[in-house]
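This is model-v5.pdb (PDB, C-alpha atoms).
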```
ATOM      1  CA  MET A   1      -9.822 -45.855  24.360
ATOM      2  CA  ARG A   2     -12.509 -43.413  25.485
ATOM      3  CA  GLN A   3      -9.877 -40.818  26.540
ATOM      4  CA  SER A   4      -8.152 -41.071  23.167
ATOM      5  CA  GLY A   5     -11.461 -40.509  21.378
ATOM      6  CA  GLN A   6     -12.175 -37.484  23.521
ATOM      7  CA  ALA A   7      -8.729 -35.977  22.777
ATOM      8  CA  LEU A   8      -9.272 -36.561  19.077
ATOM      9  CA  LEU A   9     -12.638 -34.813  19.223
ATOM     10  CA  GLU A  10     -11.125 -31.864  21.111
ATOM     11  CA  SER A  11      -8.373 -31.565  18.512
ATOM     12  CA  ALA A  12     -10.921 -31.738  15.707
ATOM     13  CA  ILE A  13     -12.714 -28.776  17.263
ATOM     14  CA  THR A  14      -9.640 -26.767  18.304
ATOM     15  CA  ILE A  15      -7.554 -26.984  15.118
ATOM     16  CA  PRO A  16     -10.151 -25.566  12.664
ATOM     17  CA  LEU A  17     -11.072 -22.937  15.235
ATOM     18  CA  MET A  18      -7.466 -21.779  15.492
ATOM     19  CA  LEU A  19      -7.100 -21.670  11.721
ATOM     20  CA  LEU A  20     -10.301 -19.633  11.457
ATOM     21  CA  LEU A  21      -8.999 -17.238  14.113
ATOM     22  CA  LEU A  22      -5.747 -16.802  12.186
ATOM     23  CA  LEU A  23      -7.617 -16.197   8.920
ATOM     24  CA  GLY A  24      -9.883 -13.688  10.666
ATOM     25  CA  PHE A  25      -6.853 -11.853  12.028
ATOM     26  CA  LEU A  26      -5.229 -11.777   8.568
ATOM     27  CA  ALA A  27      -8.502 -10.520   7.048
ATOM     28  CA  LEU A  28      -8.544  -7.684   9.583
ATOM     29  CA  LEU A  29      -4.948  -6.728   8.728
ATOM     30  CA  VAL A  30      -5.727  -6.724   4.999
ATOM     31  CA  ARG A  31      -8.827  -4.584   5.642
ATOM     32  CA  VAL A  32      -6.770  -1.989   7.530
ATOM     33  CA  GLU A  33      -4.076  -2.077   4.858
ATOM     34  CA  ALA A  34      -6.612  -1.670   2.030
ATOM     35  CA  GLN A  35      -8.141   1.372   3.720
ATOM     36  CA  LEU A  36      -4.676   2.888   4.074
ATOM     37  CA  GLU A  37      -3.917   2.306   0.391
ATOM     38  CA  LEU A  38      -7.242   3.818  -0.687
ATOM     39  CA  ASP A  39      -6.637   6.823   1.594
ATOM     40  CA  ALA A  40      -3.151   7.324   0.123
ATOM     41  CA  ALA A  41      -4.433   7.088  -3.466
ATOM     42  CA  THR A  42      -7.331   9.504  -2.798
ATOM     43  CA  SER A  43      -5.035  11.919  -1.014
ATOM     44  CA  LEU A  44      -2.612  11.837  -3.953
ATOM     45  CA  ALA A  45      -5.530  12.362  -6.344
ATOM     46  CA  ALA A  46      -6.530  15.518  -4.474
ATOM     47  CA  ALA A  47      -2.893  16.684  -4.524
ATOM     48  CA  ALA A  48      -2.709  15.966  -8.269
ATOM     49  CA  ALA A  49      -5.915  17.918  -8.921
ATOM     50  CA  ILE A  50      -4.292  21.120  -7.671
ATOM     51  CA  THR A  51      -1.168  20.560  -9.780
ATOM     52  CA  ALA A  52      -3.272  21.348 -12.863
ATOM     53  CA  PRO A  53      -3.521  24.990 -13.883
ATOM     54  CA  ALA A  54      -6.140  26.946 -11.897
ATOM     55  CA  GLY A  55      -9.629  26.897 -13.381
ATOM     56  CA  SER A  56      -8.750  24.098 -15.768
ATOM     57  CA  SER A  57     -10.800  20.974 -16.344
ATOM     58  CA  LEU A  58      -7.483  19.098 -16.383
ATOM     59  CA  SER A  59      -7.816  18.776 -12.595
ATOM     60  CA  VAL A  60     -10.257  15.874 -12.968
ATOM     61  CA  ASP A  61      -8.027  14.154 -15.518
ATOM     62  CA  TYR A  62      -4.892  14.516 -13.384
ATOM     63  CA  ALA A  63      -6.696  13.257 -10.284
ATOM     64  CA  ARG A  64      -8.190  10.267 -12.100
ATOM     65  CA  ARG A  65      -4.869   9.259 -13.659
ATOM     66  CA  THR A  66      -3.140   9.513 -10.306
ATOM     67  CA  TRP A  67      -5.843   7.557  -8.497
ATOM     68  CA  THR A  68      -6.126   4.698 -10.975
ATOM     69  CA  GLY A  69      -2.357   4.598 -11.497
ATOM     70  CA  THR A  70      -1.747   4.178  -7.771
ATOM     71  CA  LEU A  71      -4.561   1.706  -7.100
ATOM     72  CA  ARG A  72      -4.002  -0.576 -10.072
ATOM     73  CA  GLN A  73      -1.021  -2.167  -8.324
ATOM     74  CA  TYR A  74      -3.161  -3.662  -5.580
ATOM     75  CA  THR A  75      -4.782  -6.749  -7.002
ATOM     76  CA  TYR A  76      -7.170  -7.411  -4.133
ATOM     77  CA  LEU A  77      -8.530  -3.843  -4.194
ATOM     78  CA  ARG A  78     -10.934  -3.086  -7.045
ATOM     79  CA  PRO A  79     -11.192   0.657  -7.747
ATOM     80  CA  GLY A  80     -14.731   2.003  -7.881
ATOM     81  CA  ALA A  81     -15.505   5.654  -8.581
ATOM     82  CA  LEU A  82     -13.593   8.855  -7.959
ATOM     83  CA  GLU A  83     -15.849  11.862  -7.526
ATOM     84  CA  GLY A  84     -15.173  15.542  -7.016
ATOM     85  CA  CYS A  85     -11.642  16.721  -7.861
ATOM     86  CA  GLY A  86     -13.050  19.391 -10.173
ATOM     87  CA  ALA A  87     -11.565  22.652 -11.390
ATOM     88  CA  TYR A  88     -10.510  25.071  -8.651
ATOM     89  CA  GLN A  89      -9.716  28.725  -8.236
ATOM     90  CA  PRO A  90      -6.485  29.918  -6.541
ATOM     91  CA  GLY A  91      -6.762  29.533  -2.759
ATOM     92  CA  GLN A  92      -9.700  27.115  -2.988
ATOM     93  CA  ALA A  93      -9.780  23.554  -1.717
ATOM     94  CA  VAL A  94     -10.402  20.516  -3.887
ATOM     95  CA  THR A  95     -12.143  17.505  -2.351
ATOM     96  CA  CYS A  96     -12.004  13.993  -3.809
ATOM     97  CA  ARG A  97     -14.134  11.022  -2.773
ATOM     98  CA  GLY A  98     -12.933   7.588  -3.787
ATOM     99  CA  THR A  99     -14.607   4.223  -3.407
ATOM    100  CA  ALA A 100     -13.207   0.723  -3.873
ATOM    101  CA  THR A 101     -14.148  -2.858  -3.157
ATOM    102  CA  LEU A 102     -12.061  -5.300  -1.174
ATOM    103  CA  ASP A 103     -12.596  -8.865  -2.322
ATOM    104  CA  TYR A 104     -11.352 -11.764  -0.220
ATOM    105  CA  ARG A 105     -13.187 -14.447  -2.148
ATOM    106  CA  GLU A 106     -10.189 -15.609  -4.157
ATOM    107  CA  THR A 107      -8.100 -16.100  -1.014
ATOM    108  CA  PRO A 108      -8.467 -18.461   1.979
ATOM    109  CA  MET A 109      -9.767 -15.437   3.911
ATOM    110  CA  GLY A 110     -12.939 -15.781   1.856
ATOM    111  CA  LEU A 111     -13.970 -18.455   4.378
ATOM    112  CA  ILE A 112     -14.277 -15.738   7.005
ATOM    113  CA  VAL A 113     -15.444 -12.847   4.816
ATOM    114  CA  PRO A 114     -17.400 -14.322   1.892
ATOM    115  CA  VAL A 115     -18.758 -10.981   0.622
ATOM    116  CA  PRO A 116     -16.935  -7.996  -0.927
ATOM    117  CA  ILE A 117     -16.374  -5.060   1.414
ATOM    118  CA  ALA A 118     -17.039  -1.516   0.195
ATOM    119  CA  LEU A 119     -14.426   1.047   1.184
ATOM    120  CA  ALA A 120     -14.622   4.833   0.893
ATOM    121  CA  SER A 121     -12.186   7.652   1.392
ATOM    122  CA  VAL A 122     -12.319  11.450   1.291
ATOM    123  CA  ALA A 123      -9.320  13.749   0.858
ATOM    124  CA  THR A 124      -8.958  17.498   0.511
ATOM    125  CA  ALA A 125      -6.092  19.588  -0.857
ATOM    126  CA  ARG A 126      -5.938  23.368  -0.800
ATOM    127  CA  SER A 127      -4.345  25.217  -3.676
ATOM    128  CA  SER A 128      -2.004  28.113  -3.215
ATOM    129  CA  ALA A 129      -3.633  31.538  -3.227
ATOM    130  CA  TYR A 130      -0.777  32.659  -5.500
ATOM    131  CA  ARG A 131      -1.283  29.919  -8.101
ATOM    132  CA  SER A 132      -1.195  31.643 -11.471
ATOM    133  CA  ARG A 133      -2.129  29.242 -14.262
TER     134      ARG A 133
ATOM    135  CA  MET B   1      -0.480 -36.761  24.046
ATOM    136  CA  VAL B   2      -0.097 -36.766  20.254
ATOM    137  CA  GLU B   3      -3.197 -34.594  19.866
ATOM    138  CA  PHE B   4      -1.916 -32.191  22.520
ATOM    139  CA  ALA B   5       1.451 -31.901  20.758
ATOM    140  CA  MET B   6      -0.326 -31.244  17.457
ATOM    141  CA  VAL B   7      -2.515 -28.522  18.942
ATOM    142  CA  ILE B   8       0.415 -26.840  20.691
ATOM    143  CA  GLY B   9       2.500 -27.012  17.505
ATOM    144  CA  LEU B  10      -0.282 -25.541  15.433
ATOM    145  CA  PHE B  11      -0.926 -22.877  18.045
ATOM    146  CA  LEU B  12       2.722 -21.790  17.890
ATOM    147  CA  VAL B  13       2.656 -21.747  14.073
ATOM    148  CA  CYS B  14      -0.503 -19.615  14.163
ATOM    149  CA  LEU B  15       1.024 -17.281  16.747
ATOM    150  CA  LEU B  16       4.240 -16.849  14.760
ATOM    151  CA  GLY B  17       2.250 -16.373  11.554
ATOM    152  CA  ALA B  18       0.077 -13.712  13.179
ATOM    153  CA  MET B  19       3.117 -11.893  14.600
ATOM    154  CA  SER B  20       4.920 -12.031  11.281
ATOM    155  CA  ALA B  21       1.827 -10.779   9.426
ATOM    156  CA  SER B  22       1.401  -7.922  11.922
ATOM    157  CA  LEU B  23       4.991  -6.784  11.473
ATOM    158  CA  TYR B  24       4.643  -7.028   7.709
ATOM    159  CA  THR B  25       1.469  -4.912   7.845
ATOM    160  CA  VAL B  26       3.294  -2.216   9.803
ATOM    161  CA  GLN B  27       6.160  -2.274   7.268
ATOM    162  CA  ARG B  28       3.726  -2.151   4.370
ATOM    163  CA  ALA B  29       1.746   0.692   5.943
ATOM    164  CA  ALA B  30       4.947   2.699   6.347
ATOM    165  CA  ALA B  31       5.915   1.929   2.753
ATOM    166  CA  VAL B  32       2.511   3.124   1.453
ATOM    167  CA  THR B  33       2.867   6.353   3.439
ATOM    168  CA  GLY B  34       6.474   6.702   2.277
ATOM    169  CA  VAL B  35       5.841   6.328  -1.452
ATOM    170  CA  ALA B  36       2.872   8.710  -1.200
ATOM    171  CA  ALA B  37       5.100  11.270   0.549
ATOM    172  CA  GLY B  38       7.801  10.748  -2.092
ATOM    173  CA  ALA B  39       5.302  11.189  -4.910
ATOM    174  CA  ARG B  40       4.146  14.495  -3.452
ATOM    175  CA  VAL B  41       7.735  15.722  -3.304
ATOM    176  CA  ALA B  42       8.420  14.519  -6.849
ATOM    177  CA  ALA B  43       5.327  16.213  -8.241
ATOM    178  CA  GLY B  44       6.235  19.543  -6.679
ATOM    179  CA  GLY B  45       8.836  20.783  -9.134
ATOM    180  CA  THR B  46      12.449  21.861  -8.700
ATOM    181  CA  ALA B  47      14.421  25.057  -8.390
ATOM    182  CA  GLY B  48      16.143  26.585 -11.394
ATOM    183  CA  PRO B  49      15.151  27.491 -14.948
ATOM    184  CA  ALA B  50      11.955  25.704 -16.047
ATOM    185  CA  GLY B  51      12.024  24.010 -12.653
ATOM    186  CA  ALA B  52       8.344  24.680 -12.029
ATOM    187  CA  ASN B  53       7.446  22.078 -14.624
ATOM    188  CA  THR B  54      10.319  19.699 -13.790
ATOM    189  CA  PRO B  55       9.505  16.927 -11.289
ATOM    190  CA  ASN B  56      11.834  16.641  -8.318
ATOM    191  CA  LEU B  57      12.785  12.976  -8.779
ATOM    192  CA  ALA B  58      16.007  13.321  -6.784
ATOM    193  CA  GLY B  59      14.100  14.697  -3.794
ATOM    194  CA  ALA B  60      11.512  11.923  -3.798
ATOM    195  CA  MET B  61      13.707   9.040  -2.739
ATOM    196  CA  PRO B  62      15.128  10.582   0.470
ATOM    197  CA  ALA B  63      11.526  11.495   1.395
ATOM    198  CA  VAL B  64      10.512   7.838   1.093
ATOM    199  CA  ALA B  65      13.605   6.641   2.972
ATOM    200  CA  ARG B  66      12.905   9.049   5.860
ATOM    201  CA  VAL B  67       9.493   7.479   6.425
ATOM    202  CA  VAL B  68      10.415   3.820   6.033
ATOM    203  CA  THR B  69      13.829   3.713   7.741
ATOM    204  CA  PRO B  70      12.518   3.546  11.349
ATOM    205  CA  VAL B  71      10.194   0.673  10.460
ATOM    206  CA  LEU B  72      12.473  -1.346   8.191
ATOM    207  CA  ALA B  73      15.033  -2.078  10.907
ATOM    208  CA  GLY B  74      17.847  -4.293   9.688
ATOM    209  CA  THR B  75      16.897  -3.752   6.061
ATOM    210  CA  ARG B  76      19.281  -2.200   3.554
ATOM    211  CA  ILE B  77      17.502   0.684   1.824
ATOM    212  CA  ARG B  78      18.963   1.525  -1.569
ATOM    213  CA  GLN B  79      18.013   4.745  -3.333
ATOM    214  CA  LEU B  80      18.471   4.360  -7.073
ATOM    215  CA  GLN B  81      19.461   7.088  -9.497
ATOM    216  CA  PRO B  82      16.573   9.350 -10.543
ATOM    217  CA  ASN B  83      14.664   8.089 -13.577
ATOM    218  CA  ARG B  84      16.012   4.553 -13.204
ATOM    219  CA  GLU B  85      13.474   1.726 -12.913
ATOM    220  CA  CYS B  86      13.627  -0.611  -9.909
ATOM    221  CA  PRO B  87      14.968  -4.081 -10.738
ATOM    222  CA  GLY B  88      12.581  -7.022 -10.621
ATOM    223  CA  LEU B  89      11.759  -8.565  -7.277
ATOM    224  CA  GLY B  90      13.830 -11.642  -8.116
ATOM    225  CA  ALA B  91      16.941  -9.519  -8.600
ATOM    226  CA  ILE B  92      16.726  -7.854  -5.188
ATOM    227  CA  PRO B  93      18.429  -9.816  -2.393
ATOM    228  CA  SER B  94      16.568 -10.649   0.784
ATOM    229  CA  GLY B  95      16.885  -7.957   3.439
ATOM    230  CA  GLU B  96      17.037  -5.129   0.893
ATOM    231  CA  VAL B  97      14.487  -2.721  -0.567
ATOM    232  CA  ASP B  98      15.044  -0.426  -3.530
ATOM    233  CA  ILE B  99      13.439   2.978  -3.978
ATOM    234  CA  CYS B 100      13.116   4.455  -7.436
ATOM    235  CA  ALA B 101      11.394   7.457  -8.992
ATOM    236  CA  VAL B 102      10.643   7.531 -12.695
ATOM    237  CA  ARG B 103       9.015  10.096 -14.938
ATOM    238  CA  SER B 104       6.881   8.946 -17.828
ATOM    239  CA  ALA B 105       4.890  11.437 -19.922
ATOM    240  CA  GLY B 106       3.218  13.770 -17.417
ATOM    241  CA  THR B 107       3.255  11.428 -14.457
ATOM    242  CA  VAL B 108       5.823  10.550 -11.821
ATOM    243  CA  THR B 109       5.992   7.044 -10.386
ATOM    244  CA  VAL B 110       7.661   6.404  -7.049
ATOM    245  CA  ARG B 111       8.178   2.750  -6.182
ATOM    246  CA  LEU B 112       9.486   0.785  -3.229
ATOM    247  CA  ARG B 113      10.308  -2.815  -4.008
ATOM    248  CA  GLY B 114      12.159  -5.558  -2.168
ATOM    249  CA  ARG B 115      12.216  -8.031   0.658
ATOM    250  CA  PRO B 116      12.552  -6.392   4.072
ATOM    251  CA  ALA B 117      14.303  -8.120   6.925
ATOM    252  CA  THR B 118      11.764  -9.508   9.334
ATOM    253  CA  ALA B 119      12.060 -10.045  13.066
ATOM    254  CA  VAL B 120       9.977 -13.224  12.866
ATOM    255  CA  PRO B 121      11.257 -15.125   9.848
ATOM    256  CA  ILE B 122       9.143 -18.108   8.853
ATOM    257  CA  PRO B 123      10.691 -20.520   6.333
ATOM    258  CA  GLY B 124       8.756 -20.537   3.091
ATOM    259  CA  LEU B 125       6.899 -17.333   3.921
ATOM    260  CA  ASP B 126       8.781 -14.628   2.078
ATOM    261  CA  TRP B 127       7.080 -11.283   2.702
ATOM    262  CA  SER B 128       7.870  -8.905  -0.144
ATOM    263  CA  LEU B 129       6.991  -5.266  -0.716
ATOM    264  CA  ASP B 130       6.140  -3.779  -4.095
ATOM    265  CA  LEU B 131       4.367  -0.495  -3.601
ATOM    266  CA  VAL B 132       3.870   2.332  -5.996
ATOM    267  CA  ALA B 133       2.488   5.843  -5.972
ATOM    268  CA  GLU B 134       1.806   7.558  -9.246
ATOM    269  CA  VAL B 135       1.008  11.232  -9.401
ATOM    270  CA  HIS B 136       0.650  13.804 -12.135
ATOM    271  CA  ALA B 137       3.474  16.314 -12.064
ATOM    272  CA  VAL B 138       2.747  19.985 -11.452
ATOM    273  CA  THR B 139       1.930  21.887 -14.638
ATOM    274  CA  PHE B 140       2.133  25.587 -15.319
ATOM    275  CA  THR B 141       1.067  26.940 -18.683
ATOM    276  CA  PRO B 142       3.522  29.482 -20.152
TER     277      PRO B 142
END
```
Please go through the file and, once you have read it, give me the structure as structure tokens.
Amino acid sequence: MRQSGQALLESAITIPLMLLLLLGFLALLVRVEAQLELDAATSLAAAAAITAPAGSSLSVDYARRTWTGTLRQYTYLRPGALEGCGAYQPGQAVTCRGTATLDYRETPMGLIVPVPIALASVATARSSAYRSR
Amino acid sequence: MVEFAMVIGLFLVCLLGAMSASLYTVQRAAAVTGVAAGARVAAGGTAGPAGANTPNLAGAMPAVARVVTPVLAGTRIRQLQPNRECPGLGAIPSGEVDICAVRSAGTVTVRLRGRPATAVPIPGLDWSLDLVAEVHAVTFTP
């Protein structure tokens, strides 16, 4: 009787612990994945900025549309601000800084990470020195 | 004995789940990189008259496939015709992903959608991929 009670107690401790470990592992994978997605979107935004004509304020618009268009597909990643990505001159580099928030609270992983996580990414693209307009 | 069997069973489920999730993350990471690479190709323009302002949709899909093929082992990768939307996830059979590139207004959207084959299949856990990269096409003023 006593042995059975002890085994039950051990199981009661081990099972939740294993589930928490699994959730923690999944949360880590999602965190890595979210960073990758933010990096890809910011990198594309920088690339889009230099597809606008040189010296044009359209660079910001192109970058913003690219960034929000790419990130809006990822429901767990809330886009924050995209800074930089301004007008450029031929041969110059354009740097974009994007921020987003990763929110686990609507998933079971919220048990492990109950607060939103702020993510940031920086990307640079250099325009061609021969870019005309 | 019953408790031990339960713990071992749960441990194996957790282990398989973790392995399956890890593989899925690798596949997803490759897909994110792939669609971003495809979008860059698509935004770059084509050769020929007025090609500078024409997105290279046909070149985008092979660029995506090149990145994802080594990771999506055992998965059929279908490149759709340029400017044709990917079918819904329900219409794509398991073990297949579709790549499509579509132009709308000034932007180009490259999408990878489907259900890749997985090395650790878990019944009821159907990992699907639906990733998109949207980029503004290159613009030259006349």
Kindly determine which residues of chain B lie within 9 Å of chain A, considering all atoms listed in the file, and give the answer as a PyMOL selection string. chain B and resi 1+3-4+6-7+10-11+14-15+17-18+21-22+25-26+28-29+32-33+36-37+39-40+43-44+107+109+130-142
Selected residues written out with C-alpha atoms, as a PDB file, keeping the file's coordinate frame:
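As written to disk, out_21.pdb reads:
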```pdb
ATOM      1  CA  MET B   1      -0.480 -36.761  24.046  1.00  0.00           C
ATOM      2  CA  GLU B   3      -3.197 -34.594  19.866  1.00  0.00           C
ATOM      3  CA  PHE B   4      -1.916 -32.191  22.520  1.00  0.00           C
ATOM      4  CA  MET B   6      -0.326 -31.244  17.457  1.00  0.00           C
ATOM      5  CA  VAL B   7      -2.515 -28.522  18.942  1.00  0.00           C
ATOM      6  CA  LEU B  10      -0.282 -25.541  15.433  1.00  0.00           C
ATOM      7  CA  PHE B  11      -0.926 -22.877  18.045  1.00  0.00           C
ATOM      8  CA  CYS B  14      -0.503 -19.615  14.163  1.00  0.00           C
ATOM      9  CA  LEU B  15       1.024 -17.281  16.747  1.00  0.00           C
ATOM     10  CA  GLY B  17       2.250 -16.373  11.554  1.00  0.00           C
ATOM     11  CA  ALA B  18       0.077 -13.712  13.179  1.00  0.00           C
ATOM     12  CA  ALA B  21       1.827 -10.779   9.426  1.00  0.00           C
ATOM     13  CA  SER B  22       1.401  -7.922  11.922  1.00  0.00           C
ATOM     14  CA  THR B  25       1.469  -4.912   7.845  1.00  0.00           C
ATOM     15  CA  VAL B  26       3.294  -2.216   9.803  1.00  0.00           C
ATOM     16  CA  ARG B  28       3.726  -2.151   4.370  1.00  0.00           C
ATOM     17  CA  ALA B  29       1.746   0.692   5.943  1.00  0.00           C
ATOM     18  CA  VAL B  32       2.511   3.124   1.453  1.00  0.00           C
ATOM     19  CA  THR B  33       2.867   6.353   3.439  1.00  0.00           C
ATOM     20  CA  ALA B  36       2.872   8.710  -1.200  1.00  0.00           C
ATOM     21  CA  ALA B  37       5.100  11.270   0.549  1.00  0.00           C
ATOM     22  CA  ALA B  39       5.302  11.189  -4.910  1.00  0.00           C
ATOM     23  CA  ARG B  40       4.146  14.495  -3.452  1.00  0.00           C
ATOM     24  CA  ALA B  43       5.327  16.213  -8.241  1.00  0.00           C
ATOM     25  CA  GLY B  44       6.235  19.543  -6.679  1.00  0.00           C
ATOM     26  CA  THR B 107       3.255  11.428 -14.457  1.00  0.00           C
ATOM     27  CA  THR B 109       5.992   7.044 -10.386  1.00  0.00           C
ATOM     28  CA  ASP B 130       6.140  -3.779  -4.095  1.00  0.00           C
ATOM     29  CA  LEU B 131       4.367  -0.495  -3.601  1.00  0.00           C
ATOM     30  CA  VAL B 132       3.870   2.332  -5.996  1.00  0.00           C
ATOM     31  CA  ALA B 133       2.488   5.843  -5.972  1.00  0.00           C
ATOM     32  CA  GLU B 134       1.806   7.558  -9.246  1.00  0.00           C
ATOM     33  CA  VAL B 135       1.008  11.232  -9.401  1.00  0.00           C
ATOM     34  CA  HIS B 136       0.650  13.804 -12.135  1.00  0.00           C
ATOM     35  CA  ALA B 137       3.474  16.314 -12.064  1.00  0.00           C
ATOM     36  CA  VAL B 138       2.747  19.985 -11.452  1.00  0.00           C
ATOM     37  CA  THR B 139       1.930  21.887 -14.638  1.00  0.00           C
ATOM     38  CA  PHE B 140       2.133  25.587 -15.319  1.00  0.00           C
ATOM     39  CA  THR B 141       1.067  26.940 -18.683  1.00  0.00           C
ATOM     40  CA  PRO B 142       3.522  29.482 -20.152  1.00  0.00           C
TER      41      PRO B 142
END
```
Between A:Val94, A:Leu102, A:Leu28, A:Leu38, which has the minimum distance to Ala118 (chain A) (counting only C-alpha atoms)?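 Smallest distance to Ala118 (chain A) is found for A:Leu102.
Here, the PyMOL selection byres ((chain B and resi 74) around 12) matches B:Val68, B:Thr69, B:Pro70, B:Val71, B:Leu72, B:Ala73, B:Thr75, B:Arg76, B:Ile77, B:Ser94, B:Gly95, B:Glu96, B:Val97, B:Arg115, B:Pro116, B:Ala117, B:Thr118, B:Ala119.
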Check what the PyMOL selection byres ((chain B and resi 45) around 6) selects in the file above and give those residues as JSON, numbers by chain. {"B": [43, 44, 46, 51, 52, 53, 54, 55, 56]}
Env of Leu82 (chain A): 7 Å cut, atoms = all atoms listed in the file, seq-sep filter 6 positions within chain, self excluded. Answer as number ranges by chain. A: 64, 96-99
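Put simply, the PyMOL selection byres ((chain B and resi 100) around 9) in this file takes in Leu57, Ala60, Met61, Arg78, Gln79, Leu80, Gln81, Pro82, Asn83, Arg84, Glu85, Cys86, Asp98, Ile99, Ala101, Val102, Thr109, Val110, Arg111, Leu112 and Arg113 of chain B.
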